[in-house]
>>> print(open('entry04.cif').read())   # mmCIF, C-alpha atoms
data_model
loop_
_atom_site.label_atom_id
_atom_site.label_comp_id
_atom_site.auth_asym_id
_atom_site.auth_seq_id
_atom_site.Cartn_x
_atom_site.Cartn_y
_atom_site.Cartn_z
CA PHE W 4 49.62 11.84 -1.19
CA TYR W 5 50.54 9.46 1.62
CA GLY W 6 48.71 9.10 4.94
CA CYS W 7 46.77 12.37 4.57
CA LYS W 8 43.42 13.12 6.21
CA PHE W 9 41.10 15.84 4.92
CA ASP W 10 38.10 16.85 7.04
CA ASN W 11 35.43 19.40 6.02
CA CYS W 12 37.44 20.56 3.02
CA ILE W 13 36.07 22.01 -0.21
CA PHE W 14 37.76 21.31 -3.53
CA LYS W 15 36.40 23.57 -6.27
CA SER W 16 37.48 23.20 -9.92
CA SER W 17 40.57 21.34 -8.73
CA ASP W 18 42.71 19.55 -11.28
CA LEU W 19 43.46 16.15 -9.75
CA ASN W 20 43.98 14.41 -13.07
CA ASN W 21 46.69 11.72 -12.75
CA SER W 22 47.19 12.48 -9.05
CA LYS W 23 48.63 9.64 -6.97
CA PHE W 24 47.19 8.52 -3.62
CA PHE W 25 49.36 5.93 -1.97
CA GLU W 26 48.37 4.36 1.38
CA PHE W 27 45.84 5.52 3.99
CA ASN W 28 44.43 8.75 2.60
CA GLU W 29 41.02 9.74 3.98
CA PHE W 30 38.43 12.38 3.06
CA GLU W 31 35.52 12.95 5.46
CA ASN W 32 32.70 15.51 5.17
CA CYS W 33 34.39 16.96 2.10
CA HIS W 34 32.95 18.53 -1.06
CA PHE W 35 34.34 18.14 -4.58
CA LEU W 36 32.80 20.63 -7.01
CA HIS W 37 33.55 20.53 -10.76
CA CYS W 38 36.82 18.70 -10.14
CA ASP W 39 38.86 16.77 -12.71
CA MET W 40 39.42 13.38 -11.06
CA ARG W 41 40.26 11.41 -14.17
CA ASN W 42 42.87 8.65 -14.04
CA ILE W 43 43.61 9.07 -10.34
CA GLY W 44 46.14 6.46 -9.24
CA VAL W 45 45.48 4.65 -5.96
CA GLY W 46 47.78 2.37 -3.98
CA ASN W 47 46.76 -0.50 -1.71
CA ASN W 48 44.06 0.79 0.70
CA GLY W 49 45.03 4.19 -0.61
CA LEU W 50 41.78 6.17 -0.64
CA TYR W 51 38.74 6.34 1.63
CA PHE W 52 35.80 8.74 1.25
CA LYS W 53 33.21 9.11 4.01
CA LYS W 54 30.16 11.42 3.98
CA THR W 55 31.65 13.20 0.99
CA GLU W 56 29.82 14.89 -1.90
CA PHE W 57 30.93 14.84 -5.53
CA ASN W 58 29.16 17.43 -7.69
CA ALA W 59 29.69 17.63 -11.48
CA CYS W 60 33.09 15.94 -11.22
CA ASP W 61 34.82 14.13 -14.08
CA MET W 62 35.60 10.64 -12.73
CA ARG W 63 36.30 8.85 -15.99
CA GLY W 64 38.94 6.16 -15.74
CA MET W 65 39.36 6.58 -11.99
CA ASN W 66 41.04 3.61 -10.32
CA LEU W 67 38.54 2.25 -7.80
CA GLU W 68 40.23 -1.06 -7.00
CA SER W 69 41.53 0.31 -3.68
CA THR W 70 39.07 3.19 -3.24
CA SER W 71 36.25 3.03 -0.66
CA PHE W 72 33.09 5.14 -0.43
CA PHE W 73 30.73 5.23 2.56
CA GLU W 74 27.67 7.49 2.80
CA CYS W 75 28.75 9.51 -0.24
CA THR W 76 26.68 11.29 -2.89
CA PHE W 77 27.44 11.60 -6.60
CA GLU W 78 25.56 14.47 -8.29
CA LYS W 79 25.71 14.84 -12.08
CA CYS W 80 29.23 13.42 -12.30
CA LYS W 81 30.84 11.89 -15.39
CA ILE W 82 31.08 8.29 -14.22
CA ILE W 83 32.14 6.34 -17.28
CA SER W 84 34.01 3.03 -17.70
CA VAL W 85 34.77 2.41 -14.03
CA THR W 86 34.28 -0.60 -11.75
CA PHE W 87 32.91 -0.33 -8.22
CA HIS W 88 33.47 -3.19 -5.79
CA ALA W 89 30.55 -4.01 -3.53
CA ASN W 90 32.65 -4.25 -0.38
CA LYS W 91 34.06 -0.78 -1.05
CA ILE W 92 30.92 1.27 -1.73
CA GLN W 93 27.89 1.32 0.58
CA LYS W 94 25.05 3.60 1.70
CA SER W 95 25.76 6.04 -1.13
CA SER W 96 23.55 7.67 -3.77
CA PHE W 97 23.81 8.56 -7.46
CA ASN W 98 22.02 11.31 -9.38
CA GLY W 99 22.86 11.31 -13.09
CA THR W 100 23.83 8.95 -15.90
CA LEU W 101 26.12 5.97 -15.30
CA ILE W 102 27.78 4.78 -18.52
CA ASP W 103 29.56 1.42 -18.92
CA VAL W 104 29.86 1.06 -15.15
CA LYS W 105 30.30 -2.30 -13.42
CA PHE W 106 29.41 -3.25 -9.85
CA GLU W 107 31.18 -6.44 -8.79
CA GLY W 108 31.01 -8.67 -5.74
CA ASP W 109 31.78 -12.19 -4.56
CA GLY W 110 28.15 -13.31 -4.42
CA LYS W 111 27.65 -12.54 -0.73
CA GLU W 112 27.62 -8.73 -0.50
CA LYS W 113 24.40 -6.78 -0.27
CA LEU W 114 24.77 -3.55 -2.23
CA GLU W 115 23.12 -0.66 -0.36
CA LEU W 116 22.95 2.13 -2.92
CA ASP W 117 20.30 4.64 -3.95
CA PHE W 118 19.89 4.77 -7.74
CA LYS W 119 16.42 6.36 -7.85
CA LYS W 120 17.64 9.47 -9.70
CA SER W 121 20.01 7.54 -11.96
CA LYS W 122 19.93 6.56 -15.61
CA PHE W 123 21.75 3.39 -16.68
CA GLN W 124 23.59 3.01 -19.98
CA GLY W 125 25.55 -0.22 -20.15
CA VAL W 126 25.56 -0.74 -16.37
CA GLU W 127 26.39 -4.29 -15.27
CA PHE W 128 26.08 -6.15 -11.96
CA HIS W 129 28.12 -9.25 -11.18
CA ASN W 130 27.60 -11.52 -8.15
CA ILE W 131 25.84 -8.87 -6.06
CA ASP W 132 22.64 -8.85 -4.02
CA LEU W 133 20.62 -5.78 -5.06
CA SER W 134 17.67 -6.35 -2.72
CA GLN W 135 18.80 -3.52 -0.41
CA SER W 136 19.37 -1.00 -3.21
CA VAL W 137 16.84 1.51 -4.55
CA PRO W 138 16.43 1.09 -8.33
CA PRO W 139 16.07 4.01 -10.75
CA LYS W 140 12.61 5.62 -10.88
CA ILE W 141 13.26 6.84 -14.41
CA LYS W 142 11.10 5.37 -17.18
CA ASN W 143 12.21 2.11 -18.85
CA HIS W 144 14.24 0.89 -15.85
CA TYR W 145 13.20 -2.42 -14.29
CA TYR W 146 14.32 -4.16 -11.11
CA VAL W 147 14.04 -7.94 -11.60
CA SER W 148 14.13 -10.49 -8.80
CA ASN W 149 14.41 -14.31 -8.95
CA LEU W 150 16.72 -13.94 -11.92
CA LYS W 151 18.48 -17.30 -11.53
CA TYR W 152 15.12 -19.07 -11.74
CA ARG W 153 14.03 -16.91 -14.69
CA CYS W 154 17.29 -17.63 -16.56
CA SER W 155 17.01 -21.39 -15.98
CA ASN W 156 13.45 -21.42 -17.32
CA ALA W 157 14.33 -19.10 -20.20
CA LEU W 158 17.12 -21.37 -21.47
CA VAL W 159 14.77 -24.36 -21.51
CA LYS W 160 12.10 -22.40 -23.40
CA LEU W 161 14.67 -20.97 -25.77
CA ASN W 162 15.86 -24.40 -26.87
CA SER W 163 12.38 -25.42 -27.96
CA ASP W 164 11.15 -22.09 -29.36
CA LYS W 165 10.85 -22.18 -33.16
CA THR W 166 9.49 -18.64 -33.57
CA ILE W 167 12.63 -16.69 -32.66
CA ASP W 168 15.22 -15.96 -35.35
CA GLU W 169 18.27 -18.25 -34.91
CA ASN W 170 20.77 -15.37 -34.77
CA ILE W 171 18.75 -13.60 -32.09
CA LYS W 172 18.38 -16.93 -30.26
CA LYS W 173 22.16 -17.38 -30.08
CA ILE W 174 22.67 -13.88 -28.67
CA LEU W 175 19.82 -14.36 -26.21
CA SER W 176 21.36 -17.60 -24.99
CA ARG W 177 24.76 -15.94 -24.40
CA ARG W 178 23.22 -12.98 -22.57
CA ILE W 179 21.03 -15.16 -20.37
CA LYS W 180 23.89 -17.50 -19.43
CA LYS W 181 25.96 -14.47 -18.46
CA LEU W 182 23.17 -13.28 -16.15
CA SER W 183 22.44 -16.68 -14.60
CA GLY W 184 24.75 -16.11 -11.62
CA ASN W 185 22.71 -13.15 -10.35
CA GLU W 186 19.69 -13.35 -8.07
CA ASP W 187 18.47 -9.94 -9.19
CA TYR W 188 19.31 -7.21 -11.68
CA ILE W 189 18.33 -3.78 -12.98
CA PHE W 190 17.71 -3.40 -16.71
CA ASN W 191 17.20 -0.34 -18.91
CA TYR W 192 14.82 -1.58 -21.63
CA LYS W 193 15.35 1.47 -23.88
CA PHE W 194 19.14 1.07 -23.78
CA ILE W 195 18.89 -2.62 -24.69
CA GLU W 196 16.49 -1.75 -27.49
CA ASP W 197 18.80 0.97 -28.85
CA ILE W 198 21.88 -1.28 -28.79
CA GLU W 199 20.47 -4.70 -29.69
CA GLY W 200 17.33 -3.78 -31.63
CA SER W 201 13.63 -3.93 -30.81
CA ASP W 202 13.21 -7.62 -31.73
CA PHE W 203 15.98 -8.69 -29.38
CA ALA W 204 14.76 -6.46 -26.54
CA LYS W 205 11.19 -7.75 -26.80
CA ASN W 206 12.26 -11.40 -26.95
CA PHE W 207 14.72 -10.89 -24.09
CA PHE W 208 12.11 -9.47 -21.74
CA ASP W 209 9.42 -11.90 -22.87
CA ILE W 210 11.49 -15.02 -22.36
CA LEU W 211 12.61 -13.84 -18.90
CA GLU W 212 8.97 -13.07 -18.11
CA ILE W 213 9.69 -9.44 -17.22
CA SER W 214 6.61 -7.22 -17.31
CA LEU W 215 7.10 -3.93 -19.15
CA ILE W 216 4.67 -2.07 -16.93
CA ASN W 217 6.69 0.74 -15.28
#
>>> encode(input="entry04.cif", output="structure tokens")
Amino acid sequence: FYGCKFDNCIFKSSDLNNSKFFEFNEFENCHFLHCDMRNIGVGNNGLYFKKTEFNACDMRGMNLESTSFFECTFEKCKIISVTFHANKIQKSSFNGTLIDVKFEGDGKEKLELDFKKSKFQGVEFHNIDLSQSVPPKIKNHYYVSNLKYRCSNALVKLNSDKTIDENIKKILSRRIKKLSGNEDYIFNYKFIEDIEGSDFAKNFFDILEISLIN
């Protein structure tokens, strides 16, 4: 596809796997229903979605480096192992599970996304302001502000704490240093507990002074 514009189109059970979108392709007011969108290739400024709905689509491995979304909705889609860039996705909403998804910015962008019906599994945020986003309302998810300050304090306390197992302390230190560039974050306590263990999860939240009251 090159220089194509789609307006008010419906794509139902379409196989777009490995499709190629070169420059200046635009979808506005469109609906994708049960579509296979895996491994879509996108050229420079190749793909722009506006006011478009994605329902039960498979978006695993989709190239989002040059893909933009504005006022879009994602309903029960398979969104796994992809990276969204803050300057290319805004005023959009997610309903479903996000797995190993990254949201990246340059430290200045405010991410305006609605996650209230989302579940996070391995979701990461890097150099993004989340203050304008709506965090998940699902149990065990926590929006945390003042994270830079919390991380700075946590590292000081960690160095002097003699009660935490040394192996856990090393992992905690690495995790906290990785987070120290963010002003805020959204954590899934249950996911951290399942992956890292209950001792790590408890110490992690305690040392960052995050209340576990949902």
>>> resolve_selection(input="entry04.cif", expression="the PyMOL selection byres ((chain W and resi 78) around 9)", output="list of chain:residue names")
W:Glu56, W:Phe57, W:Asn58, W:Ala59, W:Cys60, W:Thr76, W:Phe77, W:Lys79, W:Cys80, W:Ser96, W:Phe97, W:Asn98, W:Gly99
>>> residues_near_point(input="entry04.cif", point="(29.5, 1.4, -12.1)", cutoff="8 Å", atoms="all atoms listed in the file", output="PyMOL selection string")
chain W and resi 82-87+101-106+126-127
>>> resolve_selection(input="entry04.cif", expression="the PyMOL selection byres ((chain W and resi 144) around 7)", output="PDB file with C-alpha atoms, keeping the file's coordinate frame")
ATOM      1  CA  PRO W 139      16.070   4.010 -10.750  1.00  0.00           C
ATOM      2  CA  ILE W 141      13.260   6.840 -14.410  1.00  0.00           C
ATOM      3  CA  LYS W 142      11.100   5.370 -17.180  1.00  0.00           C
ATOM      4  CA  ASN W 143      12.210   2.110 -18.850  1.00  0.00           C
ATOM      5  CA  TYR W 145      13.200  -2.420 -14.290  1.00  0.00           C
ATOM      6  CA  TYR W 146      14.320  -4.160 -11.110  1.00  0.00           C
ATOM      7  CA  ILE W 189      18.330  -3.780 -12.980  1.00  0.00           C
ATOM      8  CA  PHE W 190      17.710  -3.400 -16.710  1.00  0.00           C
ATOM      9  CA  ASN W 191      17.200  -0.340 -18.910  1.00  0.00           C
ATOM     10  CA  TYR W 192      14.820  -1.580 -21.630  1.00  0.00           C
TER      11      TYR W 192
END
>>> residues_around(input="entry04.cif", residues="Lys15 in chain W", least_positions_apart="6", cutoff="10 Å", atoms="all atoms listed in the file", output="ChimeraX atom specification")
/W:34-39,58,60
>>> resolve_selection(input="entry04.cif", expression="the PyMOL selection byres ((chain W and resi 74) around 12)", output="NGL selection string")
:W and (30-33 or 51-57 or 71-73 or 75-77 or 91-97 or 115-117)
>>> write_last_selection(input="entry04.cif", atoms="C-alpha atoms", output="mmCIF file, keeping the file's coordinate frame")
data_model
loop_
_atom_site.group_PDB
_atom_site.id
_atom_site.type_symbol
_atom_site.label_atom_id
_atom_site.label_comp_id
_atom_site.auth_asym_id
_atom_site.auth_seq_id
_atom_site.Cartn_x
_atom_site.Cartn_y
_atom_site.Cartn_z
ATOM 1 C CA PHE W 30 38.430 12.380 3.060
ATOM 2 C CA GLU W 31 35.520 12.950 5.460
ATOM 3 C CA ASN W 32 32.700 15.510 5.170
ATOM 4 C CA CYS W 33 34.390 16.960 2.100
ATOM 5 C CA TYR W 51 38.740 6.340 1.630
ATOM 6 C CA PHE W 52 35.800 8.740 1.250
ATOM 7 C CA LYS W 53 33.210 9.110 4.010
ATOM 8 C CA LYS W 54 30.160 11.420 3.980
ATOM 9 C CA THR W 55 31.650 13.200 0.990
ATOM 10 C CA GLU W 56 29.820 14.890 -1.900
ATOM 11 C CA PHE W 57 30.930 14.840 -5.530
ATOM 12 C CA SER W 71 36.250 3.030 -0.660
ATOM 13 C CA PHE W 72 33.090 5.140 -0.430
ATOM 14 C CA PHE W 73 30.730 5.230 2.560
ATOM 15 C CA CYS W 75 28.750 9.510 -0.240
ATOM 16 C CA THR W 76 26.680 11.290 -2.890
ATOM 17 C CA PHE W 77 27.440 11.600 -6.600
ATOM 18 C CA LYS W 91 34.060 -0.780 -1.050
ATOM 19 C CA ILE W 92 30.920 1.270 -1.730
ATOM 20 C CA GLN W 93 27.890 1.320 0.580
ATOM 21 C CA LYS W 94 25.050 3.600 1.700
ATOM 22 C CA SER W 95 25.760 6.040 -1.130
ATOM 23 C CA SER W 96 23.550 7.670 -3.770
ATOM 24 C CA PHE W 97 23.810 8.560 -7.460
ATOM 25 C CA GLU W 115 23.120 -0.660 -0.360
ATOM 26 C CA LEU W 116 22.950 2.130 -2.920
ATOM 27 C CA ASP W 117 20.300 4.640 -3.950
#
>>> atom_distance(input="entry04.cif", atom1="CA of Glu26 in chain W", atom2="CA of Lys113 in chain W")
26.5 Å
>>> atom_distance(input="entry04.cif", atom1="CA of Val159 in chain W", atom2="CA of Glu212 in chain W")
13.1 Å
>>> residues_around(input="entry04.cif", residues="range 208-210 of chain W", least_positions_apart="2", cutoff="12 Å", atoms="all atoms listed in the file", output="VMD selection string")
chain W and resid 143 145 147 150 152 to 164 166 to 167 172 175 to 176 178 to 179 190 to 193 195 to 196 201 to 206 212 to 216
>>> residues_near_point(input="entry04.cif", point="(50.3, 9.3, 0.7)", cutoff="9 Å", atoms="only C-alpha atoms", output="PDB file with C-alpha atoms, keeping the file's coordinate frame")
ATOM      1  CA  PHE W   4      49.620  11.840  -1.190  1.00  0.00           C
ATOM      2  CA  TYR W   5      50.540   9.460   1.620  1.00  0.00           C
ATOM      3  CA  GLY W   6      48.710   9.100   4.940  1.00  0.00           C
ATOM      4  CA  CYS W   7      46.770  12.370   4.570  1.00  0.00           C
ATOM      5  CA  LYS W  23      48.630   9.640  -6.970  1.00  0.00           C
ATOM      6  CA  PHE W  24      47.190   8.520  -3.620  1.00  0.00           C
ATOM      7  CA  PHE W  25      49.360   5.930  -1.970  1.00  0.00           C
ATOM      8  CA  GLU W  26      48.370   4.360   1.380  1.00  0.00           C
ATOM      9  CA  PHE W  27      45.840   5.520   3.990  1.00  0.00           C
ATOM     10  CA  ASN W  28      44.430   8.750   2.600  1.00  0.00           C
ATOM     11  CA  GLY W  46      47.780   2.370  -3.980  1.00  0.00           C
ATOM     12  CA  GLY W  49      45.030   4.190  -0.610  1.00  0.00           C
TER      13      GLY W  49
END
>>> atom_distance(input="entry04.cif", atom1="CA of Leu182 in chain W", atom2="CA of Asp132 in chain W")
12.9 Å
>>> closest_residue(input="entry04.cif", among="W:Leu211, W:Ile171, W:Leu133, W:Lys165", to="Asp187 in chain W", atoms="only C-alpha atoms")
W:Leu133
>>> residues_around(input="entry04.cif", residues="Lys111 in chain W", least_positions_apart="4", cutoff="10 Å", atoms="all atoms listed in the file", output="ChimeraX atom specification")
/W:89-90,130-132
>>> build_atoms(input="entry04.cif", residues="range 86-110 of chain W", atoms="N, CA, C and O atoms", output="PDB file, in the coordinates of the input")
ATOM      1  N   THR W  86      34.803   0.571 -12.450  1.00  0.00           N
ATOM      2  CA  THR W  86      34.280  -0.600 -11.750  1.00  0.00           C
ATOM      3  C   THR W  86      34.253  -0.346 -10.256  1.00  0.00           C
ATOM      4  O   THR W  86      35.287  -0.034  -9.653  1.00  0.00           O
ATOM      5  N   PHE W  87      33.066  -0.437  -9.671  1.00  0.00           N
ATOM      6  CA  PHE W  87      32.910  -0.330  -8.220  1.00  0.00           C
ATOM      7  C   PHE W  87      32.862  -1.729  -7.631  1.00  0.00           C
ATOM      8  O   PHE W  87      32.234  -2.630  -8.196  1.00  0.00           O
ATOM      9  N   HIS W  88      33.500  -1.904  -6.473  1.00  0.00           N
ATOM     10  CA  HIS W  88      33.470  -3.190  -5.790  1.00  0.00           C
ATOM     11  C   HIS W  88      32.522  -3.102  -4.602  1.00  0.00           C
ATOM     12  O   HIS W  88      32.594  -2.159  -3.812  1.00  0.00           O
ATOM     13  N   ALA W  89      31.639  -4.073  -4.499  1.00  0.00           N
ATOM     14  CA  ALA W  89      30.550  -4.010  -3.530  1.00  0.00           C
ATOM     15  C   ALA W  89      31.027  -3.815  -2.093  1.00  0.00           C
ATOM     16  O   ALA W  89      30.368  -3.134  -1.303  1.00  0.00           O
ATOM     17  N   ASN W  90      32.159  -4.400  -1.749  1.00  0.00           N
ATOM     18  CA  ASN W  90      32.650  -4.250  -0.380  1.00  0.00           C
ATOM     19  C   ASN W  90      33.335  -2.908  -0.145  1.00  0.00           C
ATOM     20  O   ASN W  90      33.790  -2.626   0.959  1.00  0.00           O
ATOM     21  N   LYS W  91      33.379  -2.067  -1.186  1.00  0.00           N
ATOM     22  CA  LYS W  91      34.060  -0.780  -1.050  1.00  0.00           C
ATOM     23  C   LYS W  91      33.143   0.413  -1.345  1.00  0.00           C
ATOM     24  O   LYS W  91      33.607   1.553  -1.357  1.00  0.00           O
ATOM     25  N   ILE W  92      31.867   0.163  -1.569  1.00  0.00           N
ATOM     26  CA  ILE W  92      30.920   1.270  -1.730  1.00  0.00           C
ATOM     27  C   ILE W  92      29.582   0.865  -1.115  1.00  0.00           C
ATOM     28  O   ILE W  92      28.978  -0.121  -1.528  1.00  0.00           O
ATOM     29  N   GLN W  93      29.133   1.631  -0.112  1.00  0.00           N
ATOM     30  CA  GLN W  93      27.890   1.320   0.580  1.00  0.00           C
ATOM     31  C   GLN W  93      27.204   2.605   1.040  1.00  0.00           C
ATOM     32  O   GLN W  93      27.850   3.630   1.269  1.00  0.00           O
ATOM     33  N   LYS W  94      25.885   2.515   1.166  1.00  0.00           N
ATOM     34  CA  LYS W  94      25.050   3.600   1.700  1.00  0.00           C
ATOM     35  C   LYS W  94      25.327   4.929   0.990  1.00  0.00           C
ATOM     36  O   LYS W  94      25.399   5.993   1.620  1.00  0.00           O
ATOM     37  N   SER W  95      25.479   4.854  -0.319  1.00  0.00           N
ATOM     38  CA  SER W  95      25.760   6.040  -1.130  1.00  0.00           C
ATOM     39  C   SER W  95      24.666   6.206  -2.176  1.00  0.00           C
ATOM     40  O   SER W  95      23.881   5.294  -2.422  1.00  0.00           O
ATOM     41  N   SER W  96      24.612   7.402  -2.800  1.00  0.00           N
ATOM     42  CA  SER W  96      23.550   7.670  -3.770  1.00  0.00           C
ATOM     43  C   SER W  96      24.118   8.294  -5.039  1.00  0.00           C
ATOM     44  O   SER W  96      25.148   8.980  -5.011  1.00  0.00           O
ATOM     45  N   PHE W  97      23.412   8.046  -6.152  1.00  0.00           N
ATOM     46  CA  PHE W  97      23.810   8.560  -7.460  1.00  0.00           C
ATOM     47  C   PHE W  97      22.660   9.360  -8.064  1.00  0.00           C
ATOM     48  O   PHE W  97      21.508   8.931  -8.030  1.00  0.00           O
ATOM     49  N   ASN W  98      22.992  10.502  -8.635  1.00  0.00           N
ATOM     50  CA  ASN W  98      22.020  11.310  -9.380  1.00  0.00           C
ATOM     51  C   ASN W  98      22.683  11.689 -10.700  1.00  0.00           C
ATOM     52  O   ASN W  98      23.586  12.521 -10.729  1.00  0.00           O
ATOM     53  N   GLY W  99      22.247  11.053 -11.791  1.00  0.00           N
ATOM     54  CA  GLY W  99      22.860  11.310 -13.090  1.00  0.00           C
ATOM     55  C   GLY W  99      22.975  10.029 -13.891  1.00  0.00           C
ATOM     56  O   GLY W  99      22.426   8.982 -13.524  1.00  0.00           O
ATOM     57  N   THR W 100      23.698  10.092 -14.984  1.00  0.00           N
ATOM     58  CA  THR W 100      23.830   8.950 -15.900  1.00  0.00           C
ATOM     59  C   THR W 100      25.110   8.175 -15.618  1.00  0.00           C
ATOM     60  O   THR W 100      26.198   8.761 -15.551  1.00  0.00           O
ATOM     61  N   LEU W 101      24.969   6.865 -15.452  1.00  0.00           N
ATOM     62  CA  LEU W 101      26.120   5.970 -15.300  1.00  0.00           C
ATOM     63  C   LEU W 101      26.303   5.245 -16.634  1.00  0.00           C
ATOM     64  O   LEU W 101      25.370   4.623 -17.138  1.00  0.00           O
ATOM     65  N   ILE W 102      27.521   5.340 -17.194  1.00  0.00           N
ATOM     66  CA  ILE W 102      27.780   4.780 -18.520  1.00  0.00           C
ATOM     67  C   ILE W 102      28.888   3.730 -18.447  1.00  0.00           C
ATOM     68  O   ILE W 102      29.991   4.006 -17.964  1.00  0.00           O
ATOM     69  N   ASP W 103      28.587   2.522 -18.897  1.00  0.00           N
ATOM     70  CA  ASP W 103      29.560   1.420 -18.920  1.00  0.00           C
ATOM     71  C   ASP W 103      30.215   1.237 -17.554  1.00  0.00           C
ATOM     72  O   ASP W 103      31.443   1.095 -17.439  1.00  0.00           O
ATOM     73  N   VAL W 104      29.383   1.220 -16.534  1.00  0.00           N
ATOM     74  CA  VAL W 104      29.860   1.060 -15.150  1.00  0.00           C
ATOM     75  C   VAL W 104      29.546  -0.351 -14.674  1.00  0.00           C
ATOM     76  O   VAL W 104      28.472  -0.892 -14.947  1.00  0.00           O
ATOM     77  N   LYS W 105      30.492  -0.956 -13.961  1.00  0.00           N
ATOM     78  CA  LYS W 105      30.300  -2.300 -13.420  1.00  0.00           C
ATOM     79  C   LYS W 105      30.301  -2.240 -11.893  1.00  0.00           C
ATOM     80  O   LYS W 105      31.075  -1.499 -11.283  1.00  0.00           O
ATOM     81  N   PHE W 106      29.421  -3.044 -11.298  1.00  0.00           N
ATOM     82  CA  PHE W 106      29.410  -3.250  -9.850  1.00  0.00           C
ATOM     83  C   PHE W 106      29.675  -4.732  -9.622  1.00  0.00           C
ATOM     84  O   PHE W 106      28.909  -5.588 -10.083  1.00  0.00           O
ATOM     85  N   GLU W 107      30.762  -5.044  -8.928  1.00  0.00           N
ATOM     86  CA  GLU W 107      31.180  -6.440  -8.790  1.00  0.00           C
ATOM     87  C   GLU W 107      31.260  -6.855  -7.326  1.00  0.00           C
ATOM     88  O   GLU W 107      31.615  -6.059  -6.451  1.00  0.00           O
ATOM     89  N   GLY W 108      30.908  -8.120  -7.078  1.00  0.00           N
ATOM     90  CA  GLY W 108      31.010  -8.670  -5.740  1.00  0.00           C
ATOM     91  C   GLY W 108      31.445 -10.120  -5.782  1.00  0.00           C
ATOM     92  O   GLY W 108      31.802 -10.640  -6.843  1.00  0.00           O
ATOM     93  N   ASP W 109      31.383 -10.773  -4.617  1.00  0.00           N
ATOM     94  CA  ASP W 109      31.780 -12.190  -4.560  1.00  0.00           C
ATOM     95  C   ASP W 109      30.571 -13.096  -4.388  1.00  0.00           C
ATOM     96  O   ASP W 109      30.712 -14.291  -4.120  1.00  0.00           O
ATOM     97  N   GLY W 110      29.361 -12.519  -4.549  1.00  0.00           N
ATOM     98  CA  GLY W 110      28.150 -13.310  -4.420  1.00  0.00           C
ATOM     99  C   GLY W 110      27.493 -13.221  -3.065  1.00  0.00           C
ATOM    100  O   GLY W 110      26.364 -13.681  -2.870  1.00  0.00           O
TER     101      GLY W 110
END
